[in-house]
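Raw contents of my_file.pdb, PDB, C-alpha atoms:
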```pdb
ATOM      1  CA  MET A   1     -80.485  71.013 -46.544
ATOM      2  CA  THR A   2     -80.390  67.275 -45.776
ATOM      3  CA  LEU A   3     -81.517  64.305 -47.817
ATOM      4  CA  THR A   4     -84.615  62.986 -46.040
ATOM      5  CA  ALA A   5     -87.829  61.226 -46.891
ATOM      6  CA  ARG A   6     -89.465  64.649 -47.144
ATOM      7  CA  LEU A   7     -87.650  65.477 -50.358
ATOM      8  CA  ARG A   8     -90.113  66.084 -53.146
ATOM      9  CA  SER A   9     -88.341  68.249 -55.672
ATOM     10  CA  SER A  10     -85.017  68.402 -57.461
ATOM     11  CA  VAL A  11     -84.049  71.704 -55.948
ATOM     12  CA  SER A  12     -84.785  70.572 -52.411
ATOM     13  CA  THR A  13     -82.650  67.515 -53.038
ATOM     14  CA  LEU A  14     -79.682  69.725 -53.844
ATOM     15  CA  ALA A  15     -80.507  72.342 -51.236
ATOM     16  CA  ARG A  16     -80.625  69.700 -48.531
ATOM     17  CA  GLY A  17     -77.454  68.241 -49.906
ATOM     18  CA  ALA A  18     -74.897  68.647 -47.148
ATOM     19  CA  ILE A  19     -74.807  64.873 -47.232
ATOM     20  CA  GLY A  20     -74.434  64.779 -50.988
ATOM     21  CA  VAL A  21     -71.771  67.451 -51.022
ATOM     22  CA  ALA A  22     -69.840  66.011 -48.094
ATOM     23  CA  GLY A  23     -69.793  62.616 -49.746
ATOM     24  CA  GLY A  24     -69.990  63.560 -53.398
ATOM     25  CA  LEU A  25     -68.097  66.768 -54.197
ATOM     26  CA  ALA A  26     -64.580  67.407 -52.977
ATOM     27  CA  LEU A  27     -65.444  71.067 -53.571
ATOM     28  CA  PHE A  28     -66.920  70.877 -50.061
ATOM     29  CA  VAL A  29     -63.384  70.978 -48.658
ATOM     30  CA  ALA A  30     -62.523  74.032 -50.722
ATOM     31  CA  ILE A  31     -65.608  76.003 -49.684
ATOM     32  CA  ALA A  32     -65.276  75.001 -46.044
ATOM     33  CA  GLY A  33     -61.649  76.082 -46.086
ATOM     34  CA  VAL A  34     -62.153  79.536 -47.589
ATOM     35  CA  PRO A  35     -61.178  82.296 -45.149
ATOM     36  CA  ALA A  36     -63.893  83.673 -42.892
ATOM     37  CA  ASP A  37     -63.897  87.110 -44.478
ATOM     38  CA  ALA A  38     -64.849  85.497 -47.775
ATOM     39  CA  LEU A  39     -67.508  83.060 -46.617
ATOM     40  CA  ALA A  40     -68.263  84.299 -43.092
ATOM     41  CA  GLN A  41     -67.394  80.909 -41.686
ATOM     42  CA  THR A  42     -67.300  80.117 -37.959
ATOM     43  CA  THR A  43     -64.587  78.327 -36.045
ATOM     44  CA  ALA A  44     -65.097  74.685 -35.156
ATOM     45  CA  PRO A  45     -65.474  73.870 -31.446
ATOM     46  CA  ALA A  46     -64.136  70.786 -29.720
ATOM     47  CA  ALA A  47     -64.906  67.542 -31.494
ATOM     48  CA  SER A  48     -67.182  64.803 -30.231
ATOM     49  CA  ALA A  49     -66.215  61.246 -29.339
ATOM     50  CA  PRO A  50     -64.972  59.013 -32.160
ATOM     51  CA  ILE A  51     -67.360  56.730 -33.999
ATOM     52  CA  GLN A  52     -66.592  53.061 -33.590
ATOM     53  CA  GLY A  53     -67.136  50.540 -36.360
ATOM     54  CA  GLU A  54     -65.583  47.964 -38.645
ATOM     55  CA  GLY A  55     -64.302  50.641 -40.962
ATOM     56  CA  PRO A  56     -65.562  52.096 -44.242
ATOM     57  CA  ALA A  57     -66.086  49.838 -47.239
ATOM     58  CA  LEU A  58     -63.221  49.112 -49.606
ATOM     59  CA  TRP A  59     -63.322  47.494 -53.049
ATOM     60  CA  VAL A  60     -60.601  46.105 -55.299
ATOM     61  CA  ILE A  61     -60.189  45.624 -59.055
ATOM     62  CA  LYS A  62     -57.486  43.287 -60.309
ATOM     63  CA  ASP A  63     -56.162  42.058 -63.617
ATOM     64  CA  ALA A  64     -52.919  40.364 -64.591
ATOM     65  CA  ASP A  65     -50.721  43.334 -63.761
ATOM     66  CA  SER A  66     -52.924  45.932 -62.023
ATOM     67  CA  THR A  67     -54.531  46.312 -58.607
ATOM     68  CA  LEU A  68     -56.859  49.260 -58.029
ATOM     69  CA  TYR A  69     -58.497  49.949 -54.667
ATOM     70  CA  LEU A  70     -61.719  52.000 -54.469
ATOM     71  CA  PHE A  71     -62.377  53.793 -51.198
ATOM     72  CA  GLY A  72     -65.441  55.933 -50.522
ATOM     73  CA  SER A  73     -64.551  59.052 -48.580
ATOM     74  CA  VAL A  74     -66.290  61.780 -46.615
ATOM     75  CA  HIS A  75     -64.801  65.163 -47.414
ATOM     76  CA  VAL A  76     -65.286  66.698 -43.966
ATOM     77  CA  LEU A  77     -65.177  64.910 -40.592
ATOM     78  CA  ARG A  78     -64.881  65.621 -36.911
ATOM     79  CA  PRO A  79     -61.218  65.347 -35.902
ATOM     80  CA  THR A  80     -61.840  62.336 -33.660
ATOM     81  CA  THR A  81     -63.954  60.325 -36.078
ATOM     82  CA  GLY A  82     -62.213  56.977 -36.412
ATOM     83  CA  TRP A  83     -62.139  55.520 -39.910
ATOM     84  CA  ALA A  84     -58.776  53.863 -40.467
ATOM     85  CA  SER A  85     -58.749  50.054 -40.573
ATOM     86  CA  PRO A  86     -56.007  47.496 -41.215
ATOM     87  CA  ARG A  87     -57.335  46.720 -44.699
ATOM     88  CA  VAL A  88     -57.470  50.403 -45.688
ATOM     89  CA  GLU A  89     -54.019  51.009 -44.262
ATOM     90  CA  ALA A  90     -52.586  48.017 -46.086
ATOM     91  CA  ALA A  91     -54.219  48.992 -49.372
ATOM     92  CA  PHE A  92     -52.971  52.567 -49.140
ATOM     93  CA  ASP A  93     -49.456  51.509 -48.198
ATOM     94  CA  SER A  94     -49.291  49.033 -51.078
ATOM     95  CA  ALA A  95     -50.239  51.641 -53.686
ATOM     96  CA  SER A  96     -47.643  53.424 -55.759
ATOM     97  CA  ASP A  97     -50.129  56.087 -56.913
ATOM     98  CA  ILE A  98     -53.007  57.872 -55.169
ATOM     99  CA  TRP A  99     -56.111  59.215 -56.943
ATOM    100  CA  PHE A 100     -58.679  61.747 -55.704
ATOM    101  CA  GLU A 101     -61.586  63.636 -57.253
ATOM    102  CA  ILE A 102     -59.427  66.753 -57.317
ATOM    103  CA  SER A 103     -55.791  67.057 -56.324
ATOM    104  CA  ASN A 104     -55.944  70.464 -54.639
ATOM    105  CA  PRO A 105     -59.050  70.839 -52.461
ATOM    106  CA  ASP A 106     -57.016  72.813 -49.928
ATOM    107  CA  ASP A 107     -55.470  75.204 -52.440
ATOM    108  CA  GLN A 108     -57.033  78.552 -51.579
ATOM    109  CA  ALA A 109     -54.932  80.317 -54.202
ATOM    110  CA  ALA A 110     -56.804  78.256 -56.787
ATOM    111  CA  VAL A 111     -60.217  78.496 -55.131
ATOM    112  CA  MET A 112     -60.506  82.225 -54.548
ATOM    113  CA  PRO A 113     -60.197  83.387 -58.182
ATOM    114  CA  LEU A 114     -62.855  80.859 -59.163
ATOM    115  CA  ILE A 115     -65.178  82.135 -56.459
ATOM    116  CA  GLN A 116     -64.566  85.669 -57.632
ATOM    117  CA  GLN A 117     -65.352  84.658 -61.191
ATOM    118  CA  HIS A 118     -68.263  82.269 -60.708
ATOM    119  CA  GLY A 119     -69.636  82.925 -57.235
ATOM    120  CA  LEU A 120     -70.112  86.686 -56.906
ATOM    121  CA  SER A 121     -72.603  89.081 -58.426
ATOM    122  CA  PRO A 122     -72.454  92.337 -56.405
ATOM    123  CA  GLU A 123     -74.580  94.185 -58.955
ATOM    124  CA  THR A 124     -77.493  91.883 -58.037
ATOM    125  CA  PRO A 125     -77.548  91.546 -54.237
ATOM    126  CA  LEU A 126     -79.471  88.640 -52.798
ATOM    127  CA  SER A 127     -81.818  91.001 -50.948
ATOM    128  CA  SER A 128     -83.181  92.231 -54.270
ATOM    129  CA  ARG A 129     -84.183  88.701 -55.192
ATOM    130  CA  LEU A 130     -85.742  87.550 -51.937
ATOM    131  CA  THR A 131     -89.026  88.377 -50.256
ATOM    132  CA  PRO A 132     -89.017  90.284 -46.951
ATOM    133  CA  GLU A 133     -89.647  87.007 -45.144
ATOM    134  CA  GLU A 134     -86.790  85.330 -46.956
ATOM    135  CA  ASN A 135     -84.464  88.239 -46.218
ATOM    136  CA  ALA A 136     -85.310  87.820 -42.544
ATOM    137  CA  GLU A 137     -84.457  84.118 -42.836
ATOM    138  CA  LEU A 138     -81.179  85.012 -44.531
ATOM    139  CA  GLU A 139     -80.266  87.377 -41.707
ATOM    140  CA  ALA A 140     -81.092  84.751 -39.082
ATOM    141  CA  ALA A 141     -79.110  82.073 -40.898
ATOM    142  CA  ALA A 142     -76.137  84.412 -41.355
ATOM    143  CA  GLN A 143     -76.164  85.342 -37.681
ATOM    144  CA  ALA A 144     -76.267  81.681 -36.722
ATOM    145  CA  MET A 145     -73.017  81.187 -38.628
ATOM    146  CA  GLY A 146     -71.430  84.208 -36.977
ATOM    147  CA  ALA A 147     -71.905  86.588 -39.891
ATOM    148  CA  SER A 148     -74.483  88.982 -41.252
ATOM    149  CA  ALA A 149     -76.691  88.970 -44.307
ATOM    150  CA  ALA A 150     -74.641  91.875 -45.654
ATOM    151  CA  GLN A 151     -71.618  89.567 -46.006
ATOM    152  CA  LEU A 152     -73.662  87.164 -48.124
ATOM    153  CA  GLN A 153     -75.298  89.780 -50.340
ATOM    154  CA  PRO A 154     -72.662  89.794 -53.130
ATOM    155  CA  MET A 155     -72.798  86.013 -53.512
ATOM    156  CA  LYS A 156     -74.617  84.239 -56.284
ATOM    157  CA  PRO A 157     -77.381  82.000 -54.976
ATOM    158  CA  TRP A 158     -75.432  78.742 -55.339
ATOM    159  CA  LEU A 159     -72.487  80.056 -53.316
ATOM    160  CA  ALA A 160     -74.670  81.576 -50.606
ATOM    161  CA  ALA A 161     -76.595  78.321 -50.308
ATOM    162  CA  LEU A 162     -73.441  76.220 -50.162
ATOM    163  CA  SER A 163     -71.887  78.579 -47.598
ATOM    164  CA  LEU A 164     -74.978  78.277 -45.413
ATOM    165  CA  SER A 165     -74.819  74.507 -45.852
ATOM    166  CA  VAL A 166     -71.196  74.310 -44.770
ATOM    167  CA  ALA A 167     -71.322  76.676 -41.802
ATOM    168  CA  PRO A 168     -73.494  74.617 -39.401
ATOM    169  CA  LEU A 169     -71.280  71.605 -39.977
ATOM    170  CA  VAL A 170     -68.106  73.532 -39.220
ATOM    171  CA  LYS A 171     -69.760  75.054 -36.172
ATOM    172  CA  ALA A 172     -70.671  71.548 -34.975
ATOM    173  CA  GLY A 173     -67.061  70.435 -35.145
ATOM    174  CA  TYR A 174     -66.748  69.084 -38.672
ATOM    175  CA  ASP A 175     -63.396  70.095 -40.105
ATOM    176  CA  PRO A 176     -62.235  69.892 -43.738
ATOM    177  CA  LYS A 177     -58.703  69.354 -42.471
ATOM    178  CA  SER A 178     -59.916  66.093 -40.920
ATOM    179  CA  GLY A 179     -61.611  64.937 -44.114
ATOM    180  CA  VAL A 180     -60.324  61.783 -45.732
ATOM    181  CA  GLU A 181     -58.711  63.440 -48.746
ATOM    182  CA  LEU A 182     -56.535  65.868 -46.826
ATOM    183  CA  VAL A 183     -55.413  63.180 -44.399
ATOM    184  CA  LEU A 184     -54.523  60.788 -47.211
ATOM    185  CA  LYS A 185     -52.987  63.536 -49.312
ATOM    186  CA  ALA A 186     -50.609  64.447 -46.475
ATOM    187  CA  ARG A 187     -49.650  60.810 -46.059
ATOM    188  CA  ALA A 188     -49.102  60.393 -49.789
ATOM    189  CA  GLU A 189     -46.891  63.467 -49.941
ATOM    190  CA  ALA A 190     -44.879  62.311 -46.933
ATOM    191  CA  ALA A 191     -44.361  58.928 -48.574
ATOM    192  CA  GLY A 192     -43.514  60.438 -51.960
ATOM    193  CA  LYS A 193     -46.495  58.815 -53.676
ATOM    194  CA  PRO A 194     -47.639  60.592 -56.857
ATOM    195  CA  ILE A 195     -51.094  62.196 -56.557
ATOM    196  CA  HIS A 196     -53.554  62.256 -59.449
ATOM    197  CA  ALA A 197     -57.102  63.570 -59.947
ATOM    198  CA  PHE A 198     -60.134  62.652 -62.037
ATOM    199  CA  GLU A 199     -61.328  66.274 -62.218
ATOM    200  CA  THR A 200     -60.272  69.853 -61.573
ATOM    201  CA  ILE A 201     -61.695  72.193 -58.993
ATOM    202  CA  ASP A 202     -62.840  74.393 -61.880
ATOM    203  CA  LYS A 203     -65.082  71.601 -63.114
ATOM    204  CA  GLN A 204     -66.580  70.982 -59.687
ATOM    205  CA  ILE A 205     -67.398  74.635 -59.170
ATOM    206  CA  GLY A 206     -68.889  74.667 -62.635
ATOM    207  CA  ILE A 207     -71.354  71.924 -61.691
ATOM    208  CA  LEU A 208     -73.035  74.300 -59.251
ATOM    209  CA  ALA A 209     -72.262  77.623 -60.919
ATOM    210  CA  ASN A 210     -73.817  76.472 -64.189
ATOM    211  CA  LEU A 211     -77.135  75.496 -62.651
ATOM    212  CA  PRO A 212     -80.014  77.509 -64.160
ATOM    213  CA  ASP A 213     -80.725  80.679 -62.227
ATOM    214  CA  ASP A 214     -84.145  79.543 -61.073
ATOM    215  CA  VAL A 215     -82.641  76.330 -59.715
ATOM    216  CA  GLN A 216     -79.955  78.312 -57.875
ATOM    217  CA  MET A 217     -82.618  80.490 -56.272
ATOM    218  CA  ALA A 218     -84.635  77.473 -55.256
ATOM    219  CA  PHE A 219     -81.417  75.963 -53.884
ATOM    220  CA  LEU A 220     -80.964  79.028 -51.678
ATOM    221  CA  ARG A 221     -84.598  79.176 -50.562
ATOM    222  CA  GLU A 222     -84.683  75.523 -49.565
ATOM    223  CA  THR A 223     -81.359  75.865 -47.766
ATOM    224  CA  LEU A 224     -82.747  78.754 -45.716
ATOM    225  CA  LYS A 225     -85.682  76.592 -44.688
ATOM    226  CA  ASP A 226     -83.724  73.570 -43.600
ATOM    227  CA  TYR A 227     -80.054  74.363 -43.003
ATOM    228  CA  GLU A 228     -80.305  73.716 -39.264
ATOM    229  CA  ASN A 229     -80.904  69.987 -39.856
ATOM    230  CA  ALA A 230     -77.621  69.422 -41.663
ATOM    231  CA  VAL A 231     -75.616  68.250 -38.662
ATOM    232  CA  THR A 232     -78.068  65.567 -37.594
ATOM    233  CA  MET A 233     -78.262  64.041 -41.032
ATOM    234  CA  LEU A 234     -74.532  64.241 -41.686
ATOM    235  CA  ASP A 235     -73.960  62.510 -38.348
ATOM    236  CA  THR A 236     -76.213  59.699 -39.560
ATOM    237  CA  MET A 237     -74.300  59.423 -42.804
ATOM    238  CA  VAL A 238     -70.879  59.448 -41.153
ATOM    239  CA  GLU A 239     -71.907  56.779 -38.662
ATOM    240  CA  ALA A 240     -73.074  54.505 -41.485
ATOM    241  CA  TRP A 241     -69.949  55.236 -43.531
ATOM    242  CA  ALA A 242     -67.578  54.515 -40.633
ATOM    243  CA  LYS A 243     -69.262  51.151 -40.102
ATOM    244  CA  GLY A 244     -69.183  50.187 -43.760
ATOM    245  CA  ASP A 245     -72.992  50.261 -43.938
ATOM    246  CA  VAL A 246     -73.295  50.707 -47.701
ATOM    247  CA  ALA A 247     -77.061  50.077 -47.726
ATOM    248  CA  THR A 248     -77.709  53.077 -45.460
ATOM    249  CA  LEU A 249     -75.372  55.244 -47.504
ATOM    250  CA  ASP A 250     -77.272  54.281 -50.641
ATOM    251  CA  ARG A 251     -80.550  55.251 -49.010
ATOM    252  CA  VAL A 252     -79.520  58.601 -47.549
ATOM    253  CA  MET A 253     -77.077  59.732 -50.226
ATOM    254  CA  VAL A 254     -78.230  58.291 -53.527
ATOM    255  CA  GLU A 255     -81.770  56.915 -53.656
ATOM    256  CA  GLU A 256     -83.475  60.082 -52.439
ATOM    257  CA  MET A 257     -81.609  62.178 -54.981
ATOM    258  CA  LYS A 258     -82.346  59.691 -57.747
ATOM    259  CA  ALA A 259     -86.078  59.677 -57.027
ATOM    260  CA  ALA A 260     -86.538  63.383 -56.421
ATOM    261  CA  SER A 261     -84.094  64.846 -58.929
ATOM    262  CA  PRO A 262     -83.219  62.744 -61.969
ATOM    263  CA  ALA A 263     -81.448  65.675 -63.662
ATOM    264  CA  LEU A 264     -79.226  66.498 -60.707
ATOM    265  CA  TYR A 265     -78.621  62.831 -60.037
ATOM    266  CA  GLN A 266     -77.438  62.515 -63.624
ATOM    267  CA  ALA A 267     -75.155  65.568 -63.445
ATOM    268  CA  LEU A 268     -73.718  65.105 -59.968
ATOM    269  CA  LEU A 269     -73.330  61.344 -59.921
ATOM    270  CA  VAL A 270     -74.025  59.365 -63.096
ATOM    271  CA  ASP A 271     -72.144  61.519 -65.606
ATOM    272  CA  ARG A 272     -69.137  61.834 -63.341
ATOM    273  CA  ASN A 273     -69.173  58.138 -62.379
ATOM    274  CA  THR A 274     -69.193  57.246 -66.063
ATOM    275  CA  ASP A 275     -66.238  59.520 -66.741
ATOM    276  CA  TRP A 276     -64.303  58.060 -63.826
ATOM    277  CA  ALA A 277     -65.087  54.505 -64.941
ATOM    278  CA  ASN A 278     -63.595  55.405 -68.325
ATOM    279  CA  GLN A 279     -60.444  56.671 -66.636
ATOM    280  CA  ILE A 280     -60.215  53.593 -64.434
ATOM    281  CA  GLN A 281     -60.424  51.338 -67.467
ATOM    282  CA  THR A 282     -57.560  53.288 -68.987
ATOM    283  CA  MET A 283     -55.601  52.764 -65.785
ATOM    284  CA  LEU A 284     -56.199  49.023 -66.069
ATOM    285  CA  GLU A 285     -54.471  49.049 -69.440
ATOM    286  CA  GLY A 286     -51.293  49.915 -67.572
ATOM    287  CA  SER A 287     -49.791  48.188 -64.563
ATOM    288  CA  GLY A 288     -49.181  48.758 -60.873
ATOM    289  CA  THR A 289     -51.216  49.404 -57.733
ATOM    290  CA  ALA A 290     -53.314  52.520 -57.140
ATOM    291  CA  PHE A 291     -55.498  53.677 -54.270
ATOM    292  CA  ILE A 292     -58.545  55.673 -55.381
ATOM    293  CA  ALA A 293     -60.452  57.782 -52.824
ATOM    294  CA  VAL A 294     -63.602  59.558 -54.018
ATOM    295  CA  GLY A 295     -66.781  60.690 -52.307
ATOM    296  CA  ALA A 296     -68.733  57.777 -50.850
ATOM    297  CA  GLY A 297     -71.809  58.772 -52.865
ATOM    298  CA  HIS A 298     -70.011  57.689 -56.030
ATOM    299  CA  LEU A 299     -69.454  54.148 -54.772
ATOM    300  CA  THR A 300     -72.993  53.173 -53.868
ATOM    301  CA  GLY A 301     -76.141  52.469 -55.833
ATOM    302  CA  ASP A 302     -77.106  51.121 -59.241
ATOM    303  CA  ASP A 303     -75.094  53.779 -61.082
ATOM    304  CA  SER A 304     -71.992  53.664 -58.910
ATOM    305  CA  VAL A 305     -68.517  53.515 -60.389
ATOM    306  CA  GLN A 306     -68.374  49.816 -59.528
ATOM    307  CA  ALA A 307     -71.746  49.099 -61.141
ATOM    308  CA  ILE A 308     -70.730  50.838 -64.363
ATOM    309  CA  LEU A 309     -67.458  48.926 -64.481
ATOM    310  CA  GLN A 310     -69.193  45.615 -63.810
ATOM    311  CA  GLN A 311     -71.638  46.311 -66.640
ATOM    312  CA  ARG A 312     -68.581  46.565 -68.886
ATOM    313  CA  GLY A 313     -67.201  43.261 -67.725
ATOM    314  CA  VAL A 314     -64.742  44.565 -65.132
ATOM    315  CA  THR A 315     -64.818  42.541 -61.916
ATOM    316  CA  VAL A 316     -65.053  44.632 -58.739
ATOM    317  CA  GLU A 317     -64.950  42.850 -55.400
ATOM    318  CA  ALA A 318     -65.126  43.823 -51.739
ATOM    319  CA  ALA A 319     -61.609  43.964 -50.306
ATOM    320  CA  ASN A 320     -60.974  41.952 -47.159
TER     321      ASN A 320
END
```
Output the structure of this file as structure tokens.
Amino acid sequence: MTLTARLRSSVSTLARGAIGVAGGLALFVAIAGVPADALAQTTAPAASAPIQGEGPALWVIKDADSTLYLFGSVHVLRPTTGWASPRVEAAFDSASDIWFEISNPDDQAAVMPLIQQHGLSPETPLSSRLTPEENAELEAAAQAMGASAAQLQPMKPWLAALSLSVAPLVKAGYDPKSGVELVLKARAEAAGKPIHAFETIDKQIGILANLPDDVQMAFLRETLKDYENAVTMLDTMVEAWAKGDVATLDRVMVEEMKAASPALYQALLVDRNTDWANQIQTMLEGSGTAFIAVGAGHLTGDDSVQAILQQRGVTVEAAN
């Protein structure tokens, strides 16, 4: 389920995408936060020691009357992972408006109907689509997350795969409530700062739900093979992120996906980065200061939001 040098196919890139999802789709928070009876999720144990570092990277865009900060987030973290820094605090406090990928990642009332609509197919249980060996793997994986294969049977392949991707991370102490977005959202609400979003949760679910059926099945099969490695690789990503090590983030989050899965890379990153760059340029036509927090995967690499903006003549600089 992790992005490693062993990736050789587009489906394995997505299936090993706990890193990509945790740093690229705010939907991760929604799925991780769905009640246990819906996704058979386990309860997080005590968190590990905080990660020390200089703080995650921060960029700034300025014109005559606008200041926009770009902050790469991780959607799920251990509660004691340290990531705040004076520059991030100052940038957030100076902003009048806050922007996220989606504005309601913790809104279960919005998530559950979408899962019912796009994530379930009880007339075609997973067991009917898997080999005996794969069904045994599904049972073992379900038990490892404190559930049973029977609870996963009604799910479409993409949802089952994503649920199996999320569960080991939650079990290892990663908590969506400690993710950057929910922490910043609470602060924004307390300070009365307006909250905006580039996308809706419907759109993010659609990215996975609209994958071709054969890709969804491959997603599930690859997840079953490798889901146990998710924690180790996410730990690596979070450590790099907390230190502001953009080069490592590019390698583990973006370059492997780009090389192994051009189509998914285009859909999950490039298309969305382009759309967000368009929206940011519209923001620059106005005035004021905004703080933008999106998955860290969108702010690294040759097709990052910053790179697209710079290609259009918009200056993006590292914030000090």
Run the PyMOL selection byres ((chain A and resi 101) around 7) on the file and write out the hits as a PyMOL selection string. chain A and resi 26+100+102-103+197-199+294
What residues come out when you apply the PyMOL selection byres ((chain A and resi 62) around 12) to this file, written as a list in words? Trp59, Val60, Ile61, Asp63, Ala64, Asp65, Ser66, Thr67, Leu68, Tyr69, Leu70, Ile280, Gln281, Met283, Leu284, Glu285, Gly286, Ser287, Gly288, Thr289, Ala290, Val314, Thr315, Val316, Glu317, Ala318 and Ala319 of chain A
Tell me which residues come within 9 Å of (-70.4, 68.7, -38.1), as an MDAnalysis selection string, counting only C-alpha atoms in the file's coordinates. chainID A and resid 44 47 76:78 166:175 230:232 234:235
Within-6 Å shell of (-60.0, 51.6, -45.3) in input frame, all atoms listed in the file, as an mmCIF file with C-alpha atoms, in the frame of the given file:
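Printed below is result-v1.cif as written:
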```cif
data_model
loop_
_atom_site.group_PDB
_atom_site.id
_atom_site.type_symbol
_atom_site.label_atom_id
_atom_site.label_comp_id
_atom_site.auth_asym_id
_atom_site.auth_seq_id
_atom_site.Cartn_x
_atom_site.Cartn_y
_atom_site.Cartn_z
ATOM 1 C CA PRO A 56 -65.562 52.096 -44.242
ATOM 2 C CA LEU A 58 -63.221 49.112 -49.606
ATOM 3 C CA ALA A 84 -58.776 53.863 -40.467
ATOM 4 C CA SER A 85 -58.749 50.054 -40.573
ATOM 5 C CA ARG A 87 -57.335 46.720 -44.699
ATOM 6 C CA VAL A 88 -57.470 50.403 -45.688
#
```
Report as a VMD selection string the residues that result from applying the PyMOL selection byres ((chain A and resi 183) around 12) to the structure here. chain A and resid 29 73 to 77 79 83 to 84 92 100 105 to 106 175 to 182 184 to 190 293
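Using all atoms listed in the file, the nearest neighbour of Gln279 in chain A within the list A:Trp99, A:Phe71, A:Tyr265, A:Trp241 is A:Trp99.
Of the residues listed (A:Pro157, A:Gly146, A:Pro132, A:Gly206), A:Gly206 shows the shortest atom-to-atom separation from Gln117 in chain A; distances use all atoms listed in the file.
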Just to confirm, what's the straight-line distance from CA of Asp250 in chain A to CA of Thr282 in chain A in Å (one decimal)?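 These atoms are spaced 26.9 Å apart.
Atom pair CA of Trp276 in chain A / CA of Leu264 in chain A: separated by 17.4 Å.
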